[in-house]
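Here's input.txt, which has compact mmCIF, C-alpha atoms:
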# COMPACT_ATOMS: atom_id res chain seq x y z
CA MET A 1 -82.90 -25.24 85.44
CA GLY A 2 -80.83 -25.76 82.33
CA GLU A 3 -77.71 -24.10 81.15
CA SER A 4 -77.17 -23.18 77.57
CA GLY A 5 -74.50 -24.95 75.58
CA SER A 6 -72.32 -21.97 74.93
CA SER A 7 -69.98 -23.83 72.64
CA GLY A 8 -69.94 -20.80 70.39
CA GLY A 9 -69.71 -21.19 66.64
CA ALA A 10 -71.89 -19.66 63.98
CA ASN A 11 -75.03 -21.30 65.35
CA VAL A 12 -77.56 -19.47 67.42
CA ALA A 13 -77.10 -21.08 70.82
CA LEU A 14 -80.22 -20.29 72.75
CA HIS A 15 -80.96 -20.44 76.40
CA PRO A 16 -83.89 -22.86 76.81
CA ASP A 17 -85.87 -20.13 78.50
CA ASP A 18 -85.44 -17.89 75.50
CA ARG A 19 -86.87 -20.44 73.09
CA HIS A 20 -90.24 -18.77 72.84
CA GLU A 21 -89.06 -15.20 72.63
CA GLU A 22 -86.60 -15.51 69.78
CA HIS A 23 -87.72 -14.92 66.24
CA ALA A 24 -84.35 -15.06 64.56
CA HIS A 25 -84.02 -18.86 64.74
CA SER A 26 -81.86 -19.80 61.80
CA ALA A 27 -82.00 -22.85 59.55
CA ILE A 28 -78.40 -22.40 58.41
CA PRO A 29 -76.90 -24.83 60.99
CA TYR A 30 -79.25 -27.55 59.68
CA VAL A 31 -78.09 -27.01 56.11
CA VAL A 32 -74.44 -27.08 57.21
CA VAL A 33 -74.97 -30.31 59.18
CA TRP A 34 -76.85 -31.92 56.28
CA ILE A 35 -73.97 -31.17 53.87
CA ALA A 36 -71.44 -32.38 56.47
CA LEU A 37 -73.40 -35.64 56.89
CA LEU A 38 -73.42 -36.19 53.11
CA VAL A 39 -69.67 -35.54 52.95
CA PHE A 40 -69.03 -37.98 55.81
CA THR A 41 -71.22 -40.58 54.10
CA ALA A 42 -69.12 -40.19 50.95
CA LEU A 43 -66.00 -40.56 53.10
CA THR A 44 -67.39 -43.74 54.72
CA TYR A 45 -68.17 -45.12 51.26
CA LEU A 46 -64.75 -44.32 49.81
CA THR A 47 -62.71 -45.58 52.78
CA GLY A 48 -64.97 -48.62 53.15
CA LYS A 49 -64.42 -49.68 49.57
CA GLN A 50 -60.63 -49.69 50.06
CA HIS A 51 -60.87 -52.54 52.60
CA LEU A 52 -58.10 -51.04 54.69
CA GLY A 53 -57.75 -54.10 56.92
CA THR A 54 -57.41 -53.51 60.64
CA TRP A 55 -58.02 -49.78 60.34
CA ALA A 56 -61.22 -50.08 58.30
CA LEU A 57 -63.45 -50.73 61.31
CA PHE A 58 -61.91 -47.92 63.36
CA ILE A 59 -62.24 -45.41 60.52
CA ALA A 60 -65.85 -46.46 59.83
CA LEU A 61 -66.82 -46.25 63.51
CA ALA A 62 -65.01 -42.93 64.01
CA ILE A 63 -66.91 -41.38 61.08
CA ALA A 64 -70.20 -42.90 62.33
CA CYS A 65 -69.60 -41.43 65.82
CA LEU A 66 -68.84 -38.03 64.31
CA LYS A 67 -72.04 -38.17 62.21
CA SER A 68 -74.09 -39.20 65.26
CA ALA A 69 -72.61 -36.37 67.29
CA LEU A 70 -73.70 -33.87 64.63
CA VAL A 71 -77.22 -35.32 64.51
CA ALA A 72 -77.56 -35.43 68.30
CA LEU A 73 -76.12 -31.97 68.96
CA ILE A 74 -77.69 -29.95 66.15
CA PHE A 75 -80.68 -31.85 64.73
CA MET A 76 -81.78 -33.14 68.14
CA HIS A 77 -80.88 -29.84 69.85
CA LEU A 78 -78.79 -31.52 72.53
CA LYS A 79 -76.46 -28.54 72.26
CA ASP A 80 -79.23 -26.29 73.62
CA SER A 81 -80.83 -28.85 75.94
CA SER A 82 -80.96 -28.81 79.70
CA GLY A 83 -78.34 -30.64 81.72
CA MET A 84 -80.92 -33.26 82.70
CA THR A 85 -81.60 -34.38 79.11
CA ARG A 86 -77.90 -34.52 78.40
CA LEU A 87 -77.38 -36.63 81.51
CA VAL A 88 -79.99 -39.15 80.29
CA PHE A 89 -78.34 -39.42 76.86
CA GLY A 90 -74.86 -39.60 78.35
CA THR A 91 -75.91 -42.34 80.78
CA SER A 92 -77.33 -44.48 77.98
CA LEU A 93 -74.03 -44.15 76.10
CA VAL A 94 -72.06 -45.19 79.19
CA PHE A 95 -74.14 -48.35 79.51
CA VAL A 96 -73.79 -49.14 75.80
CA GLY A 97 -70.04 -48.80 76.34
CA ILE A 98 -70.06 -51.18 79.32
CA LEU A 99 -72.16 -53.73 77.43
CA LEU A 100 -69.98 -53.68 74.32
CA PHE A 101 -66.61 -53.42 76.03
CA PHE A 102 -66.98 -56.28 78.51
CA THR A 103 -68.72 -58.60 76.07
CA VAL A 104 -66.13 -58.15 73.35
CA ALA A 105 -63.28 -58.23 75.89
CA ASP A 106 -64.62 -61.59 77.12
CA VAL A 107 -64.82 -63.14 73.66
CA ALA A 108 -61.49 -61.66 72.58
CA THR A 109 -59.50 -63.01 75.52
CA ARG A 110 -60.68 -66.62 75.61
CA PHE A 111 -58.08 -69.34 75.28
CA ARG A 112 -58.19 -73.11 74.91
CA PRO A 113 -58.53 -74.26 78.57
CA ALA A 114 -61.28 -71.68 79.06
CA THR A 115 -63.39 -73.07 76.23
CA PRO A 116 -64.68 -76.56 77.00
CA ALA A 117 -65.99 -78.83 74.28
CA GLY A 118 -69.37 -77.62 73.12
CA ALA A 119 -68.79 -74.04 74.18
CA PRO A 120 -70.36 -71.69 71.67
CA PHE A 121 -67.16 -69.72 71.16
CA GLY A 122 -63.82 -71.37 71.00
CA THR A 123 -60.38 -70.76 69.68
CA GLU A 124 -61.11 -72.66 66.47
CA ARG A 125 -62.43 -70.08 64.11
CA SER A 126 -63.43 -72.40 61.28
CA ARG A 127 -65.65 -74.83 63.13
CA PRO A 128 -68.81 -75.55 61.08
CA GLU A 129 -71.77 -73.84 62.59
CA GLY A 130 -74.12 -75.80 64.82
CA LEU A 131 -71.76 -78.74 65.35
CA LEU A 132 -70.40 -79.60 68.75
CA GLU A 133 -66.76 -80.58 69.00
CA HIS A 134 -67.44 -84.35 69.21
CA GLU A 135 -69.68 -84.15 66.14
CA MET A 136 -66.99 -82.54 64.02
CA PRO A 137 -66.05 -84.37 60.82
CA GLU A 138 -62.45 -85.60 61.07
CA MET B 1 -100.90 -19.04 85.00
CA SER B 2 -98.50 -16.95 82.96
CA PRO B 3 -99.94 -14.56 80.38
CA GLU B 4 -98.09 -16.52 77.72
CA ALA B 5 -99.96 -19.70 78.66
CA ALA B 6 -103.27 -17.88 78.75
CA SER B 7 -102.93 -17.02 75.08
CA LEU B 8 -102.30 -20.64 74.08
CA PRO B 9 -104.93 -22.72 72.29
CA GLU B 10 -107.10 -24.86 74.53
CA GLY B 11 -105.69 -28.10 75.92
CA ILE B 12 -101.97 -27.55 75.41
CA LEU B 13 -100.91 -26.75 78.96
CA ALA B 14 -101.88 -29.50 81.39
CA HIS B 15 -103.25 -28.19 84.69
CA HIS B 16 -100.60 -29.92 86.80
CA PHE B 17 -97.76 -27.90 85.26
CA ALA B 18 -96.97 -24.48 86.68
CA SER B 19 -95.83 -23.14 83.33
CA LEU B 20 -95.48 -24.16 79.71
CA GLU B 21 -91.70 -24.03 80.09
CA ARG B 22 -91.86 -26.68 82.86
CA GLN B 23 -94.18 -28.83 80.78
CA ASN B 24 -91.91 -28.61 77.71
CA GLU B 25 -88.90 -29.58 79.82
CA ALA B 26 -90.78 -32.57 81.30
CA MET B 27 -91.87 -33.66 77.81
CA ARG B 28 -88.33 -33.47 76.45
CA LEU B 29 -86.93 -35.35 79.43
CA GLY B 30 -89.55 -38.09 79.04
CA MET B 31 -88.78 -38.43 75.35
CA TRP B 32 -85.04 -38.67 75.98
CA LEU B 33 -85.63 -41.36 78.62
CA PHE B 34 -87.60 -43.32 76.03
CA LEU B 35 -84.85 -42.78 73.44
CA ALA B 36 -82.30 -44.07 75.98
CA THR B 37 -84.26 -47.35 76.22
CA GLU B 38 -84.33 -47.52 72.42
CA ILE B 39 -80.57 -46.99 72.26
CA LEU B 40 -80.07 -49.85 74.74
CA LEU B 41 -82.45 -52.07 72.76
CA PHE B 42 -80.35 -51.64 69.64
CA ALA B 43 -77.14 -51.90 71.69
CA GLY B 44 -78.09 -55.50 72.50
CA LEU B 45 -78.17 -56.32 68.80
CA PHE B 46 -74.95 -54.43 68.14
CA THR B 47 -73.28 -56.43 70.92
CA GLY B 48 -74.49 -59.70 69.40
CA TYR B 49 -73.15 -58.50 66.07
CA SER B 50 -69.75 -57.68 67.60
CA VAL B 51 -69.42 -61.12 69.18
CA TYR B 52 -70.28 -63.01 66.00
CA ARG B 53 -68.21 -60.74 63.80
CA PHE B 54 -65.25 -61.39 66.09
CA GLU B 55 -65.93 -65.12 65.86
CA PHE B 56 -66.50 -65.27 62.08
CA PRO B 57 -64.56 -62.37 60.52
CA LEU B 58 -64.20 -64.02 57.11
CA ALA B 59 -67.85 -65.01 56.75
CA PHE B 60 -68.99 -61.52 57.74
CA ALA B 61 -66.66 -59.85 55.25
CA GLU B 62 -67.69 -62.24 52.48
CA CYS B 63 -71.45 -61.87 53.14
CA SER B 64 -71.12 -58.11 53.42
CA ARG B 65 -69.71 -58.00 49.90
CA HIS B 66 -72.85 -59.75 48.63
CA LEU B 67 -75.11 -56.99 49.92
CA SER B 68 -75.90 -54.17 47.53
CA LEU B 69 -73.55 -51.36 48.52
CA THR B 70 -75.39 -49.00 46.18
CA ALA B 71 -78.73 -49.68 47.88
CA GLY B 72 -77.16 -49.20 51.31
CA THR B 73 -75.47 -45.94 50.33
CA VAL B 74 -78.58 -44.52 48.65
CA ASN B 75 -80.63 -45.44 51.73
CA THR B 76 -78.10 -43.67 53.96
CA ILE B 77 -78.44 -40.50 51.87
CA VAL B 78 -82.25 -40.86 51.90
CA LEU B 79 -82.39 -41.17 55.71
CA ILE B 80 -79.92 -38.34 56.32
CA THR B 81 -81.96 -36.10 54.04
CA SER B 82 -85.18 -37.09 55.82
CA SER B 83 -83.54 -36.19 59.13
CA PHE B 84 -82.68 -32.82 57.62
CA THR B 85 -86.24 -32.21 56.35
CA VAL B 86 -87.76 -33.09 59.73
CA ALA B 87 -85.35 -30.67 61.46
CA LEU B 88 -86.41 -28.03 58.91
CA SER B 89 -90.11 -28.69 59.53
CA ILE B 90 -89.61 -27.98 63.26
CA HIS B 91 -87.66 -24.84 62.35
CA PHE B 92 -90.51 -23.68 60.09
CA ALA B 93 -93.14 -24.47 62.73
CA ARG B 94 -91.32 -22.46 65.39
CA THR B 95 -90.91 -19.53 63.00
CA ASP B 96 -94.65 -19.63 62.14
CA GLN B 97 -94.24 -20.84 58.57
CA ARG B 98 -96.95 -23.46 58.66
CA ARG B 99 -97.07 -24.34 54.96
CA ALA B 100 -93.30 -24.85 54.74
CA ALA B 101 -93.45 -27.05 57.86
CA VAL B 102 -96.19 -29.18 56.29
CA VAL B 103 -94.25 -29.53 53.02
CA CYS B 104 -91.09 -30.60 54.91
CA LEU B 105 -93.01 -33.19 56.93
CA ALA B 106 -94.60 -34.55 53.73
CA LEU B 107 -91.12 -34.78 52.16
CA THR B 108 -89.86 -36.65 55.23
CA ILE B 109 -92.66 -39.20 54.94
CA LEU B 110 -91.98 -39.63 51.21
CA LEU B 111 -88.28 -40.19 51.91
CA ALA B 112 -89.20 -42.74 54.58
CA LEU B 113 -91.36 -44.55 52.02
CA GLY B 114 -88.45 -44.44 49.59
CA PHE B 115 -86.19 -45.98 52.22
CA LEU B 116 -88.65 -48.83 52.83
CA GLY B 117 -89.04 -49.34 49.07
CA ILE B 118 -85.29 -49.77 48.56
CA LYS B 119 -85.13 -52.06 51.60
CA ALA B 120 -87.97 -54.14 50.15
CA ILE B 121 -86.06 -54.55 46.87
CA GLU B 122 -83.02 -55.72 48.85
CA TYR B 123 -85.07 -58.16 50.94
CA THR B 124 -86.67 -59.57 47.76
CA ALA B 125 -83.19 -60.27 46.38
CA HIS B 126 -82.15 -62.02 49.62
CA PHE B 127 -85.25 -64.20 49.55
CA ARG B 128 -84.63 -65.11 45.90
CA GLU B 129 -81.02 -66.08 46.70
CA HIS B 130 -82.08 -67.94 49.88
CA ALA B 131 -79.73 -65.69 51.85
CA LEU B 132 -81.96 -66.13 54.89
CA PRO B 133 -81.43 -66.35 58.66
CA GLY B 134 -80.50 -69.47 60.61
CA LYS B 135 -81.60 -72.86 59.29
CA TYR B 136 -83.28 -71.30 56.23
CA TYR B 137 -79.90 -70.21 54.93
CA ALA B 138 -79.12 -71.75 51.55
CA PHE B 139 -77.12 -69.06 49.75
CA GLU B 140 -75.01 -70.74 47.04
CA GLU B 141 -72.32 -68.07 46.85
CA VAL B 142 -71.15 -68.06 50.47
CA LYS B 143 -70.85 -71.46 52.08
CA ILE B 144 -68.57 -70.87 55.04
CA PRO B 145 -69.41 -71.16 58.75
CA GLY B 146 -70.87 -68.00 60.18
CA ALA B 147 -72.57 -66.88 56.96
CA ALA B 148 -76.01 -67.87 58.26
CA MET B 149 -75.25 -65.93 61.45
CA PHE B 150 -74.45 -62.81 59.43
CA TYR B 151 -77.83 -62.98 57.71
CA THR B 152 -79.60 -63.69 61.00
CA LEU B 153 -78.12 -60.51 62.47
CA TYR B 154 -78.66 -58.61 59.23
CA PHE B 155 -82.38 -59.42 59.21
CA MET B 156 -82.79 -58.80 62.95
CA MET B 157 -81.04 -55.43 62.84
CA THR B 158 -82.47 -54.08 59.60
CA GLY B 159 -85.86 -55.60 60.45
CA LEU B 160 -86.07 -53.92 63.86
CA HIS B 161 -84.81 -50.71 62.28
CA GLY B 162 -87.45 -51.06 59.54
CA LEU B 163 -90.17 -51.41 62.19
CA HIS B 164 -88.90 -48.19 63.71
CA VAL B 165 -89.10 -46.51 60.31
CA VAL B 166 -92.75 -47.62 60.03
CA ALA B 167 -93.49 -46.38 63.58
CA GLY B 168 -91.71 -43.09 62.86
CA MET B 169 -93.69 -42.66 59.63
CA SER B 170 -96.96 -43.17 61.49
CA VAL B 171 -95.98 -40.59 64.10
CA LEU B 172 -94.91 -38.14 61.40
CA THR B 173 -98.17 -38.61 59.50
CA TRP B 174 -100.12 -37.78 62.65
CA LEU B 175 -97.89 -34.75 63.24
CA LEU B 176 -98.38 -33.66 59.62
CA TRP B 177 -102.12 -33.63 60.20
CA ARG B 178 -101.78 -31.64 63.42
CA THR B 179 -99.29 -29.20 61.92
CA ASN B 180 -101.70 -28.62 59.04
CA GLN B 181 -104.38 -27.79 61.63
CA GLY B 182 -102.04 -25.09 62.92
CA ARG B 183 -101.41 -26.65 66.31
CA TYR B 184 -97.67 -25.96 66.25
CA SER B 185 -96.30 -22.44 66.13
CA SER B 186 -93.69 -20.24 67.79
CA ARG B 187 -95.80 -20.38 70.96
CA TYR B 188 -95.86 -24.18 71.15
CA TYR B 189 -94.06 -26.80 69.06
CA THR B 190 -92.80 -29.36 71.60
CA GLY B 191 -95.10 -32.13 70.34
CA LEU B 192 -93.64 -31.81 66.86
CA GLU B 193 -90.13 -31.56 68.30
CA LEU B 194 -90.53 -34.90 70.12
CA GLY B 195 -91.72 -36.64 66.94
CA GLY B 196 -88.64 -35.23 65.24
CA LEU B 197 -86.42 -36.62 68.02
CA TYR B 198 -87.78 -40.11 67.35
CA TRP B 199 -87.08 -39.77 63.64
CA HIS B 200 -83.51 -38.62 64.30
CA LEU B 201 -82.97 -41.73 66.45
CA VAL B 202 -84.00 -43.90 63.48
CA ASP B 203 -81.35 -42.04 61.46
CA LEU B 204 -78.73 -42.47 64.23
CA VAL B 205 -79.17 -46.25 64.25
CA TRP B 206 -78.83 -46.44 60.47
CA ILE B 207 -75.63 -44.34 60.59
CA PHE B 208 -74.05 -47.28 62.46
CA LEU B 209 -75.80 -50.06 60.56
CA TYR B 210 -74.57 -48.80 57.20
CA PRO B 211 -70.79 -49.25 57.68
CA LEU B 212 -71.19 -52.34 59.90
CA LEU B 213 -73.35 -54.28 57.44
CA TYR B 214 -72.46 -52.96 54.00
CA LEU B 215 -68.80 -52.02 54.33
CA ILE B 216 -66.84 -54.75 56.09

Go ahead and render the structure in this file as structure tokens.
Amino acid sequence: MGESGSSGGANVALHPDDRHEEHAHSAIPYVVVWIALLVFTALTYLTGKQHLGTWALFIALAIACLKSALVALIFMHLKDSSGMTRLVFGTSLVFVGILLFFTVADVATRFRPATPAGAPFGTERSRPEGLLEHEMPE
Amino acid sequence: MSPEAASLPEGILAHHFASLERQNEAMRLGMWLFLATEILLFAGLFTGYSVYRFEFPLAFAECSRHLSLTAGTVNTIVLITSSFTVALSIHFARTDQRRAAVVCLALTILLALGFLGIKAIEYTAHFREHALPGKYYAFEEVKIPGAAMFYTLYFMMTGLHGLHVVAGMSVLTWLLWRTNQGRYSSRYYTGLELGGLYWHLVDLVWIFLYPLLYLI
């Protein structure tokens, strides 16, 4: 039913059906991924401390996505999983994307006439929390 | 019944599965479906975080700088290493090295305890400083709008993640016991593999929490 992820590399990519026959399963990919994850964590730490402004968030998220990909593909064996399992994981990511994209796009594109008094999110960034517009101190 | 299944210990292959391979595939698929719901559960919190961070960028940056970056970084390393040890334990189980598998699982549980310990120290500091969620917020050092919201999200996200660490630890302890009994070997290790998947998810969530909370 599944197809093997034949993405090559030094890792032993196994057909799911071969899982029980093989005896040469290697732990080396796990060690490589562990070291890579530590290096990426150091990179997150170093770039994060620079406070690079606009780019900081993109760099941090890009590294986090890369780390997650390593964990999912190697540690969680998604690389060798059947198409069905990959479809489930992929679908959940698509819906996370929809949720995040449309929500943030909504908040990011609001303008004054679209935010009536008392709306939780307005164009005034410094409004004290919990106060409605008519309760604001002058 | 395949000859392979006939040689398995009692009670591993359920009678409604034609072969062990089919059963393993069904187990993995079920686990991934569950993990998908977990991903969406956390996605809700991440979305809330995005909205409030967009609304209060200054407060979030300021509050983030009052978290202990050292604690967050050490915890990231601890969780990554625990993910590595759990992957190793599955590797050792499937290559019939039972003792090594047990040692790796024990290490994973110890690392998980270490993670919770560091988190507890951080929480204690927040409680002492009154850096608490919502109306309980009375942190002297950051008094700008949105600061309370940062701590609300911080406690919700790390709290839910912490609950997952506790759940993962319980599952791993059970698996440690079963591995020690010799239930997982090259012939069958899917149960252990699924427990490992859960633990990796806990690690995945933290990989995103770390830069979003500690490094704004």

Restrict the distance test to all atoms listed in the file, flag each residue of chain B within 7 Å of chain A, and return the flagged residues as a PyMOL selection string.
chain B and resi 29+32-33+36+40+43+47+50-51+55-56+77+81+84+87-88+91+95+145-146+186-187+197+200+204+207-208+211+215

Restricting it to C-alpha atoms, dump the selection as a PDB file, in the coordinates of the input.
ATOM      1  CA  LEU B  29     -86.930 -35.350  79.430  1.00  0.00           C
ATOM      2  CA  TRP B  32     -85.040 -38.670  75.980  1.00  0.00           C
ATOM      3  CA  LEU B  33     -85.630 -41.360  78.620  1.00  0.00           C
ATOM      4  CA  ALA B  36     -82.300 -44.070  75.980  1.00  0.00           C
ATOM      5  CA  LEU B  40     -80.070 -49.850  74.740  1.00  0.00           C
ATOM      6  CA  ALA B  43     -77.140 -51.900  71.690  1.00  0.00           C
ATOM      7  CA  THR B  47     -73.280 -56.430  70.920  1.00  0.00           C
ATOM      8  CA  SER B  50     -69.750 -57.680  67.600  1.00  0.00           C
ATOM      9  CA  VAL B  51     -69.420 -61.120  69.180  1.00  0.00           C
ATOM     10  CA  GLU B  55     -65.930 -65.120  65.860  1.00  0.00           C
ATOM     11  CA  PHE B  56     -66.500 -65.270  62.080  1.00  0.00           C
ATOM     12  CA  ILE B  77     -78.440 -40.500  51.870  1.00  0.00           C
ATOM     13  CA  THR B  81     -81.960 -36.100  54.040  1.00  0.00           C
ATOM     14  CA  PHE B  84     -82.680 -32.820  57.620  1.00  0.00           C
ATOM     15  CA  ALA B  87     -85.350 -30.670  61.460  1.00  0.00           C
ATOM     16  CA  LEU B  88     -86.410 -28.030  58.910  1.00  0.00           C
ATOM     17  CA  HIS B  91     -87.660 -24.840  62.350  1.00  0.00           C
ATOM     18  CA  THR B  95     -90.910 -19.530  63.000  1.00  0.00           C
ATOM     19  CA  PRO B 145     -69.410 -71.160  58.750  1.00  0.00           C
ATOM     20  CA  GLY B 146     -70.870 -68.000  60.180  1.00  0.00           C
ATOM     21  CA  SER B 186     -93.690 -20.240  67.790  1.00  0.00           C
ATOM     22  CA  ARG B 187     -95.800 -20.380  70.960  1.00  0.00           C
ATOM     23  CA  LEU B 197     -86.420 -36.620  68.020  1.00  0.00           C
ATOM     24  CA  HIS B 200     -83.510 -38.620  64.300  1.00  0.00           C
ATOM     25  CA  LEU B 204     -78.730 -42.470  64.230  1.00  0.00           C
ATOM     26  CA  ILE B 207     -75.630 -44.340  60.590  1.00  0.00           C
ATOM     27  CA  PHE B 208     -74.050 -47.280  62.460  1.00  0.00           C
ATOM     28  CA  PRO B 211     -70.790 -49.250  57.680  1.00  0.00           C
ATOM     29  CA  LEU B 215     -68.800 -52.020  54.330  1.00  0.00           C
TER      30      LEU B 215
END

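The space separating atom CA of Thr124 of chain B from atom CA of Leu110 of chain B comes to 20.9 Å.
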
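Interatomic distance, atom CA of Arg28 of chain B against atom CA of Thr190 of chain B: 7.8 Å.
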
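Of note, atom CA of Thr37 of chain B and atom CA of Leu153 of chain B are spaced 20.0 Å apart.
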
Among the residues A:Leu43, A:Ile98, A:Asp80, A:Ala36, the one that comes closest to Glu25 of chain B [using all atoms listed in the file]:
A:Asp80

Edge lengths and centre in Å to one decimal, as lines of an AutoDock Vina configuration file, is what I'm after for the box along x, y and z that holds all listed atoms of segment 53-58 of chain B once 4 Å is added on each side.
center_x = -66.2
center_y = -63.0
center_z = 61.6
size_x = 12.0
size_y = 12.5
size_z = 17.0

What's the 8 Å shell around Phe60 of chain B, counting only C-alpha atoms, without same-chain residues fewer than 5 positions away, as a list in words?
Arg53, Gly146, Ala147, Phe150 and Ile216 of chain B

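Among the candidates B:Gly44, B:Gly168, B:Gly162, B:Gly72, the residue lying nearest to Tyr214 of chain B is B:Gly72 (atoms considered: only C-alpha atoms).
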
Could you give me, as a PyMOL selection string, the residues that sit within 10 Å of (-91.2, -31.7, 55.4) in the file's coordinates, counting all atoms listed in the file?
chain B and resi 82-90+92+99-111+172+176

Complete segment 96-114 of chain B with N, CA and C atoms (output as a PDB file, in the frame of the given file).
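Result saved to rebuild.pdb:
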ATOM      1  N   ASP B  96     -93.294 -19.909  62.635  1.00  0.00           N
ATOM      2  CA  ASP B  96     -94.650 -19.630  62.140  1.00  0.00           C
ATOM      3  C   ASP B  96     -94.795 -19.702  60.616  1.00  0.00           C
ATOM      4  N   GLN B  97     -94.052 -20.633  60.001  1.00  0.00           N
ATOM      5  CA  GLN B  97     -94.240 -20.840  58.570  1.00  0.00           C
ATOM      6  C   GLN B  97     -94.908 -22.201  58.382  1.00  0.00           C
ATOM      7  N   ARG B  98     -96.212 -22.206  58.590  1.00  0.00           N
ATOM      8  CA  ARG B  98     -96.950 -23.460  58.660  1.00  0.00           C
ATOM      9  C   ARG B  98     -96.861 -24.258  57.356  1.00  0.00           C
ATOM     10  N   ARG B  99     -97.052 -23.615  56.231  1.00  0.00           N
ATOM     11  CA  ARG B  99     -97.070 -24.340  54.960  1.00  0.00           C
ATOM     12  C   ARG B  99     -95.732 -25.033  54.689  1.00  0.00           C
ATOM     13  N   ALA B 100     -94.639 -24.286  54.949  1.00  0.00           N
ATOM     14  CA  ALA B 100     -93.300 -24.850  54.740  1.00  0.00           C
ATOM     15  C   ALA B 100     -93.094 -26.046  55.672  1.00  0.00           C
ATOM     16  N   ALA B 101     -93.594 -25.944  56.907  1.00  0.00           N
ATOM     17  CA  ALA B 101     -93.450 -27.050  57.860  1.00  0.00           C
ATOM     18  C   ALA B 101     -94.190 -28.281  57.347  1.00  0.00           C
ATOM     19  N   VAL B 102     -95.398 -28.069  56.810  1.00  0.00           N
ATOM     20  CA  VAL B 102     -96.190 -29.180  56.290  1.00  0.00           C
ATOM     21  C   VAL B 102     -95.490 -29.827  55.105  1.00  0.00           C
ATOM     22  N   VAL B 103     -94.951 -29.000  54.201  1.00  0.00           N
ATOM     23  CA  VAL B 103     -94.250 -29.530  53.020  1.00  0.00           C
ATOM     24  C   VAL B 103     -93.048 -30.360  53.460  1.00  0.00           C
ATOM     25  N   CYS B 104     -92.273 -29.862  54.438  1.00  0.00           N
ATOM     26  CA  CYS B 104     -91.090 -30.600  54.910  1.00  0.00           C
ATOM     27  C   CYS B 104     -91.476 -31.925  55.555  1.00  0.00           C
ATOM     28  N   LEU B 105     -92.574 -31.934  56.310  1.00  0.00           N
ATOM     29  CA  LEU B 105     -93.010 -33.190  56.930  1.00  0.00           C
ATOM     30  C   LEU B 105     -93.454 -34.176  55.846  1.00  0.00           C
ATOM     31  N   ALA B 106     -94.160 -33.678  54.829  1.00  0.00           N
ATOM     32  CA  ALA B 106     -94.600 -34.550  53.730  1.00  0.00           C
ATOM     33  C   ALA B 106     -93.383 -35.139  53.018  1.00  0.00           C
ATOM     34  N   LEU B 107     -92.361 -34.300  52.794  1.00  0.00           N
ATOM     35  CA  LEU B 107     -91.120 -34.780  52.160  1.00  0.00           C
ATOM     36  C   LEU B 107     -90.479 -35.878  53.003  1.00  0.00           C
ATOM     37  N   THR B 108     -90.466 -35.659  54.331  1.00  0.00           N
ATOM     38  CA  THR B 108     -89.860 -36.650  55.230  1.00  0.00           C
ATOM     39  C   THR B 108     -90.564 -37.994  55.081  1.00  0.00           C
ATOM     40  N   ILE B 109     -91.900 -37.951  55.040  1.00  0.00           N
ATOM     41  CA  ILE B 109     -92.660 -39.200  54.940  1.00  0.00           C
ATOM     42  C   ILE B 109     -92.396 -39.873  53.587  1.00  0.00           C
ATOM     43  N   LEU B 110     -92.295 -39.069  52.527  1.00  0.00           N
ATOM     44  CA  LEU B 110     -91.980 -39.630  51.210  1.00  0.00           C
ATOM     45  C   LEU B 110     -90.601 -40.291  51.210  1.00  0.00           C
ATOM     46  N   LEU B 111     -89.633 -39.626  51.838  1.00  0.00           N
ATOM     47  CA  LEU B 111     -88.280 -40.190  51.910  1.00  0.00           C
ATOM     48  C   LEU B 111     -88.293 -41.497  52.705  1.00  0.00           C
ATOM     49  N   ALA B 112     -89.096 -41.514  53.777  1.00  0.00           N
ATOM     50  CA  ALA B 112     -89.200 -42.740  54.580  1.00  0.00           C
ATOM     51  C   ALA B 112     -89.780 -43.874  53.727  1.00  0.00           C
ATOM     52  N   LEU B 113     -90.783 -43.545  52.910  1.00  0.00           N
ATOM     53  CA  LEU B 113     -91.360 -44.550  52.020  1.00  0.00           C
ATOM     54  C   LEU B 113     -90.312 -45.033  51.020  1.00  0.00           C
ATOM     55  N   GLY B 114     -89.520 -44.089  50.516  1.00  0.00           N
ATOM     56  CA  GLY B 114     -88.450 -44.440  49.590  1.00  0.00           C
ATOM     57  C   GLY B 114     -87.461 -45.403  50.227  1.00  0.00           C
TER      58      GLY B 114
END
